[in-house]
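Raw upload.csv, CSV, C-alpha atoms:
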```csv
chain,number,residue,atom,x,y,z
A,89,MET,CA,23.9,16.0,19.6
A,90,CYS,CA,24.4,12.2,19.6
A,91,CYS,CA,25.7,12.3,23.2
A,92,ILE,CA,22.6,14.4,24.3
A,93,LYS,CA,20.3,11.8,22.8
A,94,VAL,CA,22.1,9.0,24.5
A,95,PHE,CA,22.0,10.9,27.8
A,96,VAL,CA,18.2,11.4,27.5
A,97,VAL,CA,17.6,7.7,26.8
A,98,LEU,CA,19.7,6.7,29.8
A,99,ILE,CA,17.9,9.2,32.1
A,100,SER,CA,14.5,7.9,30.8
A,101,PHE,CA,15.6,4.3,31.5
A,102,PHE,CA,16.8,5.3,35.0
A,103,ILE,CA,13.5,7.0,35.8
A,104,SER,CA,11.4,4.2,34.5
A,105,SER,CA,13.4,1.7,36.6
A,106,LEU,CA,12.7,3.7,39.7
A,107,HIS,CA,9.0,3.4,38.9
A,108,ALA,CA,9.1,-0.4,38.1
A,109,GLU,CA,7.4,-3.2,40.1
A,110,SER,CA,7.3,-6.9,39.5
A,111,PHE,CA,4.3,-9.2,39.8
A,112,ASP,CA,3.7,-12.9,39.4
A,113,SER,CA,1.0,-14.2,37.1
A,114,GLU,CA,0.1,-17.8,36.3
A,115,LYS,CA,2.2,-17.9,33.1
A,116,HIS,CA,4.6,-15.0,33.2
A,117,GLN,CA,6.4,-12.7,35.7
A,118,ILE,CA,5.4,-9.2,34.9
A,119,LYS,CA,7.4,-6.0,35.3
A,120,ALA,CA,5.2,-2.8,35.3
A,121,GLU,CA,6.8,0.6,34.6
A,122,ILE,CA,5.2,4.0,34.8
A,123,ILE,CA,6.1,5.7,31.5
A,124,ALA,CA,3.9,8.8,31.7
A,125,GLU,CA,2.1,10.7,34.4
A,126,ASN,CA,0.1,13.9,35.0
A,127,LEU,CA,-2.8,13.0,32.6
A,128,GLU,CA,-6.2,14.3,33.6
A,129,HIS,CA,-8.7,11.4,33.5
A,130,PRO,CA,-7.3,9.8,30.3
A,131,TRP,CA,-9.7,7.7,28.3
A,132,GLY,CA,-8.2,6.4,25.1
A,133,LEU,CA,-4.8,6.0,23.6
A,134,VAL,CA,-3.2,5.2,20.2
A,135,PHE,CA,0.3,4.7,18.9
A,136,LEU,CA,1.6,6.8,16.0
A,137,PRO,CA,3.9,5.1,13.4
A,138,ASN,CA,6.9,6.9,15.0
A,139,LYS,CA,5.9,5.3,18.4
A,140,ASP,CA,4.7,8.5,19.9
A,141,ILE,CA,1.4,8.2,21.8
A,142,LEU,CA,-1.8,10.2,21.5
A,143,VAL,CA,-3.9,10.2,24.6
A,144,THR,CA,-7.5,11.6,25.1
A,145,GLU,CA,-8.4,13.3,28.4
A,146,ARG,CA,-12.0,13.1,29.3
A,147,THR,CA,-11.8,16.8,30.2
A,148,GLY,CA,-11.6,17.6,26.4
A,149,THR,CA,-7.8,17.7,25.7
A,150,LEU,CA,-5.8,15.6,23.3
A,151,ARG,CA,-2.2,15.1,24.4
A,152,LYS,CA,1.0,13.8,22.8
A,153,ILE,CA,3.6,11.7,24.6
A,154,THR,CA,6.9,10.9,22.9
A,155,LYS,CA,8.4,7.4,22.7
A,156,THR,CA,10.8,8.5,25.5
A,157,GLY,CA,7.9,9.3,27.8
A,158,PHE,CA,7.9,13.1,27.5
A,159,LEU,CA,4.4,14.6,27.9
A,160,ASP,CA,4.2,17.6,25.6
A,161,PRO,CA,2.8,20.5,27.7
A,162,LYS,CA,1.0,21.9,24.6
A,163,PRO,CA,-2.2,19.9,23.7
A,164,ILE,CA,-3.1,19.1,20.1
A,165,MET,CA,-5.2,22.0,18.8
A,166,GLY,CA,-8.2,22.0,16.5
A,167,LEU,CA,-10.7,19.8,18.3
A,168,PRO,CA,-14.3,20.7,18.0
A,169,LYS,CA,-16.3,21.9,21.0
A,170,ILE,CA,-16.5,19.1,23.5
A,171,GLU,CA,-19.0,19.0,26.4
A,172,GLN,CA,-17.4,17.4,29.5
A,173,ASN,CA,-20.4,16.4,31.6
A,174,GLY,CA,-20.7,13.4,33.9
A,175,GLN,CA,-19.3,10.4,32.0
A,176,GLY,CA,-19.0,12.4,28.8
A,177,GLY,CA,-16.1,14.3,27.3
A,178,LEU,CA,-13.3,13.4,24.9
A,179,LEU,CA,-13.4,9.6,24.6
A,180,ASP,CA,-11.8,7.1,22.2
A,181,ILE,CA,-9.2,7.6,19.5
A,182,ILE,CA,-8.0,5.5,16.6
A,183,LEU,CA,-6.0,5.9,13.4
A,184,HIS,CA,-7.3,5.6,9.9
A,185,PRO,CA,-6.1,2.3,8.4
A,186,ASN,CA,-4.1,4.3,5.9
A,187,PHE,CA,-2.8,6.8,8.4
A,188,GLN,CA,0.7,6.8,6.9
A,189,GLN,CA,-0.8,8.1,3.7
A,190,ASN,CA,-3.5,10.5,4.9
A,191,ASN,CA,-2.7,11.3,8.6
A,192,LEU,CA,-6.3,11.0,9.6
A,193,ILE,CA,-7.3,10.3,13.2
A,194,TYR,CA,-10.8,9.5,14.4
A,195,PHE,CA,-12.2,10.3,17.8
A,196,SER,CA,-15.4,10.1,19.8
A,197,PHE,CA,-16.8,12.7,22.2
A,198,SER,CA,-19.9,14.1,23.9
A,199,GLU,CA,-21.5,16.9,22.0
A,200,LYS,CA,-24.0,19.5,23.2
A,201,THR,CA,-26.6,21.1,21.0
A,202,LYS,CA,-29.9,22.8,21.7
A,203,ASP,CA,-31.5,19.4,21.8
A,204,GLY,CA,-29.2,18.0,24.5
A,205,LEU,CA,-26.1,15.7,24.7
A,206,GLY,CA,-25.0,12.8,22.6
A,207,THR,CA,-22.0,10.9,21.4
A,208,ALA,CA,-20.4,12.1,18.2
A,209,VAL,CA,-17.5,10.9,16.1
A,210,ALA,CA,-15.2,13.1,14.0
A,211,TYR,CA,-12.0,12.8,12.1
A,212,GLY,CA,-9.2,15.3,11.3
A,213,LYS,CA,-5.8,15.4,9.7
A,214,LEU,CA,-2.9,15.5,12.1
A,215,GLU,CA,-0.3,18.1,11.2
A,216,LYS,CA,2.4,18.4,13.9
A,217,ASN,CA,0.4,19.6,16.9
A,218,ASN,CA,-2.8,20.6,15.0
A,219,LEU,CA,-5.9,18.9,13.7
A,220,LYS,CA,-6.9,20.2,10.3
A,221,ASP,CA,-10.1,19.8,8.3
A,222,VAL,CA,-12.1,18.3,11.2
A,223,LYS,CA,-15.4,16.8,10.2
A,224,VAL,CA,-18.1,15.3,12.3
A,225,ILE,CA,-19.3,12.1,10.6
A,226,PHE,CA,-21.7,10.6,13.1
A,227,ARG,CA,-24.1,12.0,15.7
A,228,LEU,CA,-26.2,9.9,18.1
A,229,LEU,CA,-29.9,10.7,17.8
A,230,PRO,CA,-32.0,11.7,19.5
A,231,LYS,CA,-30.1,13.7,22.0
A,232,THR,CA,-31.1,14.0,25.7
A,233,ASP,CA,-29.9,15.9,28.8
A,234,THR,CA,-28.6,12.8,30.7
A,235,ALA,CA,-24.8,12.6,31.3
A,236,PHE,CA,-24.6,8.8,31.4
A,237,HIS,CA,-23.6,5.9,29.2
A,238,PHE,CA,-22.1,7.5,26.1
A,239,GLY,CA,-20.1,4.4,25.2
A,240,SER,CA,-17.9,4.8,23.2
A,241,ARG,CA,-15.1,2.7,21.5
A,242,LEU,CA,-14.1,2.9,17.9
A,243,LEU,CA,-12.8,0.2,15.5
A,244,PHE,CA,-11.9,-0.3,11.9
A,245,ASP,CA,-12.4,-3.8,10.6
A,246,GLN,CA,-10.5,-5.6,7.8
A,247,ASN,CA,-12.9,-4.1,5.3
A,248,ASN,CA,-12.4,-0.5,6.6
A,249,PHE,CA,-15.9,-0.3,8.0
A,250,LEU,CA,-15.9,1.9,11.1
A,251,PHE,CA,-17.7,0.5,14.2
A,252,ILE,CA,-18.9,2.8,17.0
A,253,THR,CA,-20.2,1.5,20.3
A,254,LEU,CA,-22.9,3.4,22.1
A,255,GLY,CA,-24.5,3.3,25.5
A,256,ASP,CA,-28.2,3.5,26.3
A,257,ARG,CA,-27.7,7.0,27.7
A,258,GLY,CA,-29.2,6.0,31.0
A,259,SER,CA,-32.6,5.3,29.5
A,260,ARG,CA,-33.1,1.5,29.3
A,261,PRO,CA,-36.0,1.3,26.7
A,262,ARG,CA,-33.9,3.2,24.1
A,263,ALA,CA,-31.7,0.1,23.6
A,264,GLN,CA,-34.7,-1.8,22.1
A,265,ASN,CA,-35.8,1.1,19.8
A,266,LEU,CA,-34.4,0.8,16.3
A,267,ASN,CA,-35.3,4.4,15.6
A,268,ASP,CA,-32.8,5.4,18.3
A,269,HIS,CA,-29.1,5.0,18.1
A,270,ALA,CA,-28.7,4.6,21.9
A,271,GLY,CA,-27.7,1.1,23.1
A,272,SER,CA,-26.3,-0.1,19.8
A,273,VAL,CA,-23.3,-0.9,17.7
A,274,ILE,CA,-23.0,1.4,14.7
A,275,ARG,CA,-21.4,0.5,11.3
A,276,ILE,CA,-20.6,3.2,8.8
A,277,TYR,CA,-18.0,4.0,6.1
A,278,GLU,CA,-14.9,6.0,6.9
A,279,ASP,CA,-16.6,9.2,5.6
A,280,GLY,CA,-19.8,8.6,7.6
A,281,LEU,CA,-22.0,7.3,4.8
A,282,VAL,CA,-24.1,4.2,5.6
A,283,PRO,CA,-23.5,0.9,3.9
A,284,ASP,CA,-26.6,-0.5,2.2
A,285,SER,CA,-25.6,-3.9,3.6
A,286,ASN,CA,-26.4,-2.7,7.1
A,287,PRO,CA,-29.2,-4.9,8.5
A,288,PHE,CA,-31.8,-2.1,8.8
A,289,PHE,CA,-30.9,0.0,5.8
A,290,TYR,CA,-34.1,-0.6,4.0
A,291,SER,CA,-36.4,-0.7,7.0
A,292,LYS,CA,-38.8,2.1,7.8
A,293,LYS,CA,-38.5,4.1,11.0
A,294,THR,CA,-35.0,2.9,11.9
A,295,GLN,CA,-31.6,4.5,12.3
A,296,LYS,CA,-29.9,2.9,9.4
A,297,GLU,CA,-26.4,3.0,11.0
A,298,ILE,CA,-27.4,0.4,13.6
A,299,TYR,CA,-25.6,-2.9,13.2
A,300,SER,CA,-26.7,-4.6,16.5
A,301,TYR,CA,-28.8,-3.4,19.4
A,302,GLY,CA,-30.0,-4.2,22.9
A,303,HIS,CA,-26.7,-3.1,24.5
A,304,ARG,CA,-26.4,-1.2,27.8
A,305,ASN,CA,-23.0,0.5,27.6
A,306,ILE,CA,-20.2,-0.9,25.5
A,307,GLN,CA,-16.7,0.3,26.4
A,308,GLY,CA,-14.6,-2.5,24.8
A,309,ILE,CA,-14.2,-3.7,21.3
A,310,ALA,CA,-11.7,-5.9,19.5
A,311,ILE,CA,-11.3,-8.1,16.4
A,312,HIS,CA,-10.5,-11.8,16.9
A,313,PRO,CA,-7.1,-12.3,15.2
A,314,SER,CA,-8.1,-15.6,13.5
A,315,THR,CA,-11.9,-15.4,12.8
A,316,GLN,CA,-12.0,-11.6,12.3
A,317,LYS,CA,-15.2,-11.6,14.3
A,318,ILE,CA,-15.9,-8.5,16.3
A,319,TRP,CA,-16.0,-9.0,20.1
A,320,THR,CA,-17.3,-6.4,22.6
A,321,HIS,CA,-18.0,-6.2,26.3
A,322,GLU,CA,-20.5,-4.0,28.0
A,323,HIS,CA,-21.3,-2.8,31.5
A,324,GLY,CA,-24.2,-4.4,33.3
A,325,PRO,CA,-26.0,-2.8,36.2
A,326,GLN,CA,-25.3,-4.6,39.5
A,327,GLY,CA,-23.7,-7.6,38.0
A,328,GLY,CA,-24.2,-8.8,34.4
A,329,ASP,CA,-21.2,-7.3,32.6
A,330,GLU,CA,-21.2,-9.2,29.3
A,331,LEU,CA,-18.7,-10.4,26.7
A,332,ASN,CA,-20.3,-10.8,23.3
A,333,ILE,CA,-19.5,-11.6,19.6
A,334,ILE,CA,-21.3,-9.0,17.5
A,335,LEU,CA,-23.6,-10.5,14.9
A,336,LYS,CA,-25.3,-8.4,12.2
A,337,GLY,CA,-28.8,-7.3,13.1
A,338,LYS,CA,-29.0,-9.2,16.3
A,339,ASN,CA,-30.7,-8.2,19.6
A,340,TYR,CA,-28.5,-8.6,22.7
A,341,GLY,CA,-31.4,-8.2,25.1
A,342,TRP,CA,-30.9,-5.2,27.3
A,343,PRO,CA,-33.0,-4.4,29.3
A,344,ILE,CA,-35.4,-7.3,28.6
A,345,ILE,CA,-32.9,-9.9,29.6
A,346,THR,CA,-29.8,-9.5,31.8
A,347,TYR,CA,-27.7,-11.2,34.5
A,348,GLY,CA,-27.7,-8.0,36.4
A,349,LYS,CA,-29.9,-6.6,39.1
A,350,ASN,CA,-31.3,-3.2,40.0
A,351,TYR,CA,-29.0,-1.0,42.0
A,352,VAL,CA,-31.7,-0.3,44.6
A,353,PHE,CA,-32.7,-3.4,46.6
A,354,GLY,CA,-31.1,-5.8,44.1
A,355,THR,CA,-34.5,-6.5,42.4
A,356,ASP,CA,-34.8,-8.3,39.0
A,357,ILE,CA,-34.7,-6.4,35.7
A,358,GLY,CA,-36.8,-7.3,32.7
A,359,GLU,CA,-38.0,-10.9,32.1
A,360,GLY,CA,-35.0,-12.9,33.3
A,361,THR,CA,-31.8,-14.0,31.7
A,362,HIS,CA,-33.1,-15.8,28.5
A,363,LYS,CA,-35.6,-15.0,25.8
A,364,LYS,CA,-36.1,-16.5,22.3
A,365,GLY,CA,-34.5,-14.3,19.6
A,366,MET,CA,-32.1,-12.6,22.0
A,367,ILE,CA,-28.4,-13.3,22.1
A,368,GLN,CA,-26.7,-14.9,25.1
A,369,PRO,CA,-23.3,-13.5,26.1
A,370,ILE,CA,-20.2,-15.6,25.6
A,371,HIS,CA,-19.3,-14.8,29.2
A,372,TYR,CA,-20.6,-12.6,32.0
A,373,TRP,CA,-19.5,-11.3,35.4
A,374,VAL,CA,-21.4,-11.3,38.7
A,375,PRO,CA,-20.4,-9.1,40.5
A,376,SER,CA,-19.6,-6.6,37.9
A,377,ILE,CA,-15.9,-5.8,37.1
A,378,ALA,CA,-16.8,-2.6,35.3
A,379,PRO,CA,-14.9,-3.6,32.1
A,380,SER,CA,-13.0,-1.0,30.1
A,381,GLY,CA,-10.6,-1.3,27.1
A,382,MET,CA,-10.0,-4.7,25.5
A,383,ILE,CA,-7.5,-6.4,23.2
A,384,PHE,CA,-6.7,-9.8,21.8
A,385,TYR,CA,-3.0,-10.2,22.6
A,386,THR,CA,-1.1,-11.1,19.4
A,387,GLY,CA,2.5,-10.1,20.2
A,388,ASP,CA,5.6,-12.1,21.0
A,389,LYS,CA,6.6,-10.6,24.3
A,390,PHE,CA,4.1,-12.6,26.3
A,391,PRO,CA,4.1,-15.9,24.3
A,392,LYS,CA,1.9,-17.8,26.8
A,393,TRP,CA,-0.8,-15.2,26.5
A,394,HIS,CA,-0.9,-15.3,22.7
A,395,GLY,CA,-4.6,-15.1,21.6
A,396,ASN,CA,-5.8,-14.3,25.1
A,397,ILE,CA,-8.2,-11.4,25.8
A,398,LEU,CA,-7.0,-8.7,28.1
A,399,ILE,CA,-9.6,-6.4,29.7
A,400,GLY,CA,-9.3,-3.6,32.1
A,401,SER,CA,-11.4,-3.5,35.3
A,402,LEU,CA,-12.4,-0.1,36.6
A,403,LYS,CA,-14.1,-1.4,39.7
A,404,PHE,CA,-11.5,-3.7,41.0
A,405,HIS,CA,-8.4,-2.0,39.5
A,406,GLN,CA,-7.5,-5.2,37.7
A,407,LEU,CA,-6.3,-6.5,34.4
A,408,VAL,CA,-8.5,-9.5,33.5
A,409,ARG,CA,-7.0,-12.2,31.3
A,410,LEU,CA,-9.3,-14.6,29.5
A,411,GLU,CA,-8.3,-17.8,27.7
A,412,ILE,CA,-10.6,-18.6,24.7
A,413,LYS,CA,-11.3,-21.9,23.0
A,414,ASN,CA,-14.0,-22.4,20.4
A,415,ASN,CA,-15.6,-19.0,21.3
A,416,GLU,CA,-15.8,-20.0,25.0
A,417,VAL,CA,-14.0,-18.6,28.0
A,418,VAL,CA,-12.1,-21.6,29.4
A,419,HIS,CA,-10.1,-19.8,32.1
A,420,GLU,CA,-9.9,-16.4,33.8
A,421,GLU,CA,-7.0,-14.8,35.7
A,422,ARG,CA,-7.1,-11.5,37.6
A,423,LEU,CA,-3.9,-9.4,37.7
A,424,LEU,CA,-2.6,-6.2,39.3
A,425,SER,CA,-5.5,-6.0,41.8
A,426,ASN,CA,-5.5,-2.5,43.4
A,427,LYS,CA,-2.0,-1.8,42.3
A,428,PHE,CA,-2.3,1.2,40.0
A,429,GLY,CA,-6.0,2.3,40.0
A,430,ARG,CA,-8.8,2.3,37.5
A,431,ILE,CA,-7.6,0.7,34.3
A,432,ARG,CA,-9.5,2.6,31.6
A,433,ASP,CA,-7.8,1.3,28.4
A,434,VAL,CA,-5.6,-1.6,27.3
A,435,LYS,CA,-3.4,-1.5,24.2
A,436,GLN,CA,-0.7,-3.7,22.6
A,437,GLY,CA,2.1,-1.4,21.6
A,438,PRO,CA,4.1,-1.7,18.3
A,439,ASP,CA,6.9,-3.2,20.4
A,440,GLY,CA,4.6,-6.1,21.6
A,441,TYR,CA,4.4,-4.9,25.2
A,442,ILE,CA,1.1,-4.1,26.9
A,443,TYR,CA,0.1,-0.6,27.9
A,444,LEU,CA,-2.5,0.3,30.5
A,445,LEU,CA,-4.2,3.7,30.8
A,446,ILE,CA,-5.0,4.7,34.4
A,447,ASP,CA,-8.0,6.9,34.9
A,448,SER,CA,-7.5,9.4,37.7
A,449,LYS,CA,-6.9,13.1,38.3
A,450,ASN,CA,-3.2,12.2,37.9
A,451,GLY,CA,-3.6,9.6,35.2
A,452,LYS,CA,-0.7,7.4,34.1
A,453,ILE,CA,0.4,5.0,31.4
A,454,ILE,CA,1.8,1.7,32.6
A,455,LYS,CA,4.0,-0.5,30.4
A,456,LEU,CA,3.9,-4.2,31.1
A,457,LYS,CA,7.0,-6.2,30.2
A,458,ASN,CA,7.7,-9.9,30.5
A,459,ASN,CA,10.2,-10.3,33.4
A,460,SER,CA,10.2,-14.2,33.3
```
Mind turning this structure into structure tokens?
Amino acid sequence: MCCIKVFVVLISFFISSLHAESFDSEKHQIKAEIIAENLEHPWGLVFLPNKDILVTERTGTLRKITKTGFLDPKPIMGLPKIEQNGQGGLLDIILHPNFQQNNLIYFSFSEKTKDGLGTAVAYGKLEKNNLKDVKVIFRLLPKTDTAFHFGSRLLFDQNNFLFITLGDRGSRPRAQNLNDHAGSVIRIYEDGLVPDSNPFFYSKKTQKEIYSYGHRNIQGIAIHPSTQKIWTHEHGPQGGDELNIILKGKNYGWPIITYGKNYVFGTDIGEGTHKKGMIQPIHYWVPSIAPSGMIFYTGDKFPKWHGNILIGSLKFHQLVRLEIKNNEVVHEERLLSNKFGRIRDVKQGPDGYIYLLIDSKNGKIIKLKNNS
């Protein structure tokens, strides 16, 4: 049995070496290895304590990949009914902070009811290849028939509050309506209850889960490792992708202010780029990079990137590296341009390496190593 395990490891190493490429960056030489393939439009990934990986496929399937790179042909069973429509489907996935005690995973998805489509969040207990006791703890309201801008990333902060990012569902005015979840960042407890410390908890005619609003479509969220502040990025229209620090109760301006333009004819949107009482982004991109997953790198495998932000770019098939000082972007580097495809998610593995999720019909997981 021991010899078989050694043989499997050697074969896995040989195969990954065949799929490896090296790239130069400003501070490190990178080796990129394909460690998994044949994923159908993967959207989010998470590492289990045993270093296996769970991957969501937008088509509505949850897959397991072993630490040796074996894609289990049998999906995880027990998911609720998921409506794969347009940009919707099975989206993000995270572990409960006490996963090793309770085995709970949380995931976001698009849900269809008689009232239309909307983002929902649920949790379930992972037992081998099954989810048990699945419970939906959040539903975006109101629902509509559009198939755009579902968000949706998930994050537990240091106090075990669950943050959920939502898009405006393709209807711009919704992001300014506090009686509408769309275009907001949500904060709830792990069981779905709403903290009475939320900024609009005691306000009339509001959705009390809202923590911040005026967002277009947030698909990246991360906690700053030193300040513990929550950072997000969101898609602009034609230009105007934003990097923001999320502040309680604040209005981030969409669609009243933006650095983007209308897709048709490039005309102005709203009232310009600034307005009193509306938050300016830390950084923005014109033209749009179409940002996806985001992390602050805190590992030891890329020491010269420690504390940097890493963001995937769907549009340019890039990994974007940002150096931060005093809450400002002081340098930006673009990596891996058009090498692997649309980078949908970025994660730091338990081994300190960087993992990229490639969104395509034949989706992949790319592992980045320091080859310096």
How many Å separate CA of Lys139 (chain A) from CA of Gly437 (chain A)? 8.3 Å
Using all atoms listed in the file - which residues lie no farther than 10 Å from the point (-25.7, 14.7, 28.4) in the file's frame? Write them as number ranges by chain. A: 171-177, 198-201, 203-207, 231-238, 257-258
For region 188-192 of chain A, work out the shell of residues within 10 Å, counting only C-alpha atoms and skipping chain neighbours fewer than 5 positions away, then give it as an NGL selection string. :A and (136-137 or 182-183 or 211-215 or 219-222)
Can I get the selection written as a PDB file, in the coordinates of the input, with C-alpha atoms?
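The result, stored in again-v8.pdb:
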```pdb
ATOM      1  CA  LEU A 136       1.600   6.800  16.000  1.00  0.00           C
ATOM      2  CA  PRO A 137       3.900   5.100  13.400  1.00  0.00           C
ATOM      3  CA  ILE A 182      -8.000   5.500  16.600  1.00  0.00           C
ATOM      4  CA  LEU A 183      -6.000   5.900  13.400  1.00  0.00           C
ATOM      5  CA  TYR A 211     -12.000  12.800  12.100  1.00  0.00           C
ATOM      6  CA  GLY A 212      -9.200  15.300  11.300  1.00  0.00           C
ATOM      7  CA  LYS A 213      -5.800  15.400   9.700  1.00  0.00           C
ATOM      8  CA  LEU A 214      -2.900  15.500  12.100  1.00  0.00           C
ATOM      9  CA  GLU A 215      -0.300  18.100  11.200  1.00  0.00           C
ATOM     10  CA  LEU A 219      -5.900  18.900  13.700  1.00  0.00           C
ATOM     11  CA  LYS A 220      -6.900  20.200  10.300  1.00  0.00           C
ATOM     12  CA  ASP A 221     -10.100  19.800   8.300  1.00  0.00           C
ATOM     13  CA  VAL A 222     -12.100  18.300  11.200  1.00  0.00           C
TER      14      VAL A 222
END
```
Work out how far CA of Ile276 (chain A) is from CA of His371 (chain A), in Å to one decimal.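 For CA of His371 (chain A) relative to CA of Ile276 (chain A), the distance reads 27.2 Å.
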Dump as a list in words all residues having an atom at most 7 Å from (7.0, -2.5, 28.3), computed in the file's coordinates with only C-alpha atoms.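 Looking at atoms near the point gives Tyr441, Ile442, Lys455, Leu456 and Lys457 of chain A.
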Just the number, please: distance in Å from CA of Gly358 (chain A) to CA of Asn265 (chain A), one decimal.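 Distance reported for this atom pair: 15.4 Å.
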Surrounding residues of Glu411 (chain A) excluding itself and chain neighbours under 2 positions, 10 Å, only C-alpha atoms, as a PyMOL selection string: chain A and resi 393-398+409+413+415-421
Create the file for the chosen residues now, containing C-alpha atoms and written as a short mmCIF file (atom, residue, chain, number, x, y, z; two decimals), in the frame of the given file.
```
data_model
loop_
_atom_site.label_atom_id
_atom_site.label_comp_id
_atom_site.auth_asym_id
_atom_site.auth_seq_id
_atom_site.Cartn_x
_atom_site.Cartn_y
_atom_site.Cartn_z
CA TRP A 393 -0.80 -15.20 26.50
CA HIS A 394 -0.90 -15.30 22.70
CA GLY A 395 -4.60 -15.10 21.60
CA ASN A 396 -5.80 -14.30 25.10
CA ILE A 397 -8.20 -11.40 25.80
CA LEU A 398 -7.00 -8.70 28.10
CA ARG A 409 -7.00 -12.20 31.30
CA LYS A 413 -11.30 -21.90 23.00
CA ASN A 415 -15.60 -19.00 21.30
CA GLU A 416 -15.80 -20.00 25.00
CA VAL A 417 -14.00 -18.60 28.00
CA VAL A 418 -12.10 -21.60 29.40
CA HIS A 419 -10.10 -19.80 32.10
CA GLU A 420 -9.90 -16.40 33.80
CA GLU A 421 -7.00 -14.80 35.70
#
```
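Nearest residue to Asp433 (chain A) among A:His303, A:His405, A:Lys115, A:Lys155 is A:His405, counting only C-alpha atoms.
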If you count all atoms listed in the file, which residues fall within 10 Å of Lys296 (chain A), apart from same-chain ones fewer than 2 positions away, as a count of residues only? 22
Trp342 (chain A) environment, 12 Å, all atoms listed in the file, sequence neighbours closer than 5 positions dropped, as a PyMOL selection string: chain A and resi 255-256+258-265+270-272+300-306+322-325+328-330+347-349+357-363+366-369
Distance criterion (only C-alpha atoms): nearest to Leu407 (chain A) out of A:Leu178, A:Pro438, A:Tyr340, A:Leu445: A:Leu445
Might you pull out every residue within 7 Å of Pro375 (chain A), with only C-alpha atoms counted and same-chain residues fewer than 2 positions away left off, and present them as a JSON list (two decimals) with C-alpha atoms, keeping the file's coordinate frame?
```json
[["chain", "number", "residue", "atom", "x", "y", "z"],
["A", 326, "GLN", "CA", -25.30, -4.60, 39.50],
["A", 327, "GLY", "CA", -23.70, -7.60, 38.00],
["A", 373, "TRP", "CA", -19.50, -11.30, 35.40],
["A", 377, "ILE", "CA", -15.90, -5.80, 37.10]]
```
With distances taken over all atoms listed in the file, which residue among A:Leu331, A:Leu159, A:Ile412, A:Ile345 lies nearest Ser376 (chain A)?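 Of A:Leu331, A:Leu159, A:Ile412, A:Ile345, the one nearest Ser376 (chain A) is A:Leu331, counting all atoms listed in the file.
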May I ask which of the residues A:Thr144, A:Gly400, A:Gly157, A:Ile225 is the closest one to Glu121 (chain A), counting all atoms listed in the file?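 Of A:Thr144, A:Gly400, A:Gly157, A:Ile225, the one nearest Glu121 (chain A) is A:Gly157, counting all atoms listed in the file.
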Find the residue from A:Asn459, A:Asn426, A:Asn248, A:Asn126 that sits nearest to Asp279 (chain A); use only C-alpha atoms when measuring.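 With only C-alpha atoms as the atom set, the closest residue is A:Asn248.
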N, CA, C and O atoms are needed for region 412-420 of chain A; please write them out as a JSON list (two decimals), keeping the file's coordinate frame.
```json
[["chain", "number", "residue", "atom", "x", "y", "z"],
["A", 412, "ILE", "N", -9.44, -18.27, 25.58],
["A", 412, "ILE", "CA", -10.60, -18.60, 24.70],
["A", 412, "ILE", "C", -10.34, -19.85, 23.94],
["A", 412, "ILE", "O", -9.25, -20.05, 23.39],
["A", 413, "LYS", "N", -11.35, -20.69, 23.86],
["A", 413, "LYS", "CA", -11.30, -21.90, 23.00],
["A", 413, "LYS", "C", -12.67, -22.11, 22.42],
["A", 413, "LYS", "O", -13.67, -22.19, 23.14],
["A", 414, "ASN", "N", -12.73, -22.17, 21.08],
["A", 414, "ASN", "CA", -14.00, -22.40, 20.40],
["A", 414, "ASN", "C", -15.06, -21.38, 20.84],
["A", 414, "ASN", "O", -16.21, -21.74, 21.12],
["A", 415, "ASN", "N", -14.67, -20.12, 20.91],
["A", 415, "ASN", "CA", -15.60, -19.00, 21.30],
["A", 415, "ASN", "C", -16.13, -19.17, 22.70],
["A", 415, "ASN", "O", -17.22, -18.65, 23.00],
["A", 416, "GLU", "N", -15.41, -19.84, 23.56],
["A", 416, "GLU", "CA", -15.80, -20.00, 25.00],
["A", 416, "GLU", "C", -14.65, -19.53, 25.85],
["A", 416, "GLU", "O", -13.49, -19.77, 25.52],
["A", 417, "VAL", "N", -14.98, -18.92, 26.99],
["A", 417, "VAL", "CA", -14.00, -18.60, 28.00],
["A", 417, "VAL", "C", -13.70, -19.84, 28.80],
["A", 417, "VAL", "O", -14.59, -20.34, 29.48],
["A", 418, "VAL", "N", -12.48, -20.36, 28.73],
["A", 418, "VAL", "CA", -12.10, -21.60, 29.40],
["A", 418, "VAL", "C", -11.32, -21.33, 30.70],
["A", 418, "VAL", "O", -11.14, -22.22, 31.52],
["A", 419, "HIS", "N", -10.81, -20.10, 30.85],
["A", 419, "HIS", "CA", -10.10, -19.80, 32.10],
["A", 419, "HIS", "C", -9.98, -18.26, 32.21],
["A", 419, "HIS", "O", -9.90, -17.53, 31.22],
["A", 420, "GLU", "N", -10.00, -17.80, 33.45],
["A", 420, "GLU", "CA", -9.90, -16.40, 33.80],
["A", 420, "GLU", "C", -8.87, -16.16, 34.85],
["A", 420, "GLU", "O", -8.84, -16.89, 35.84]]
```
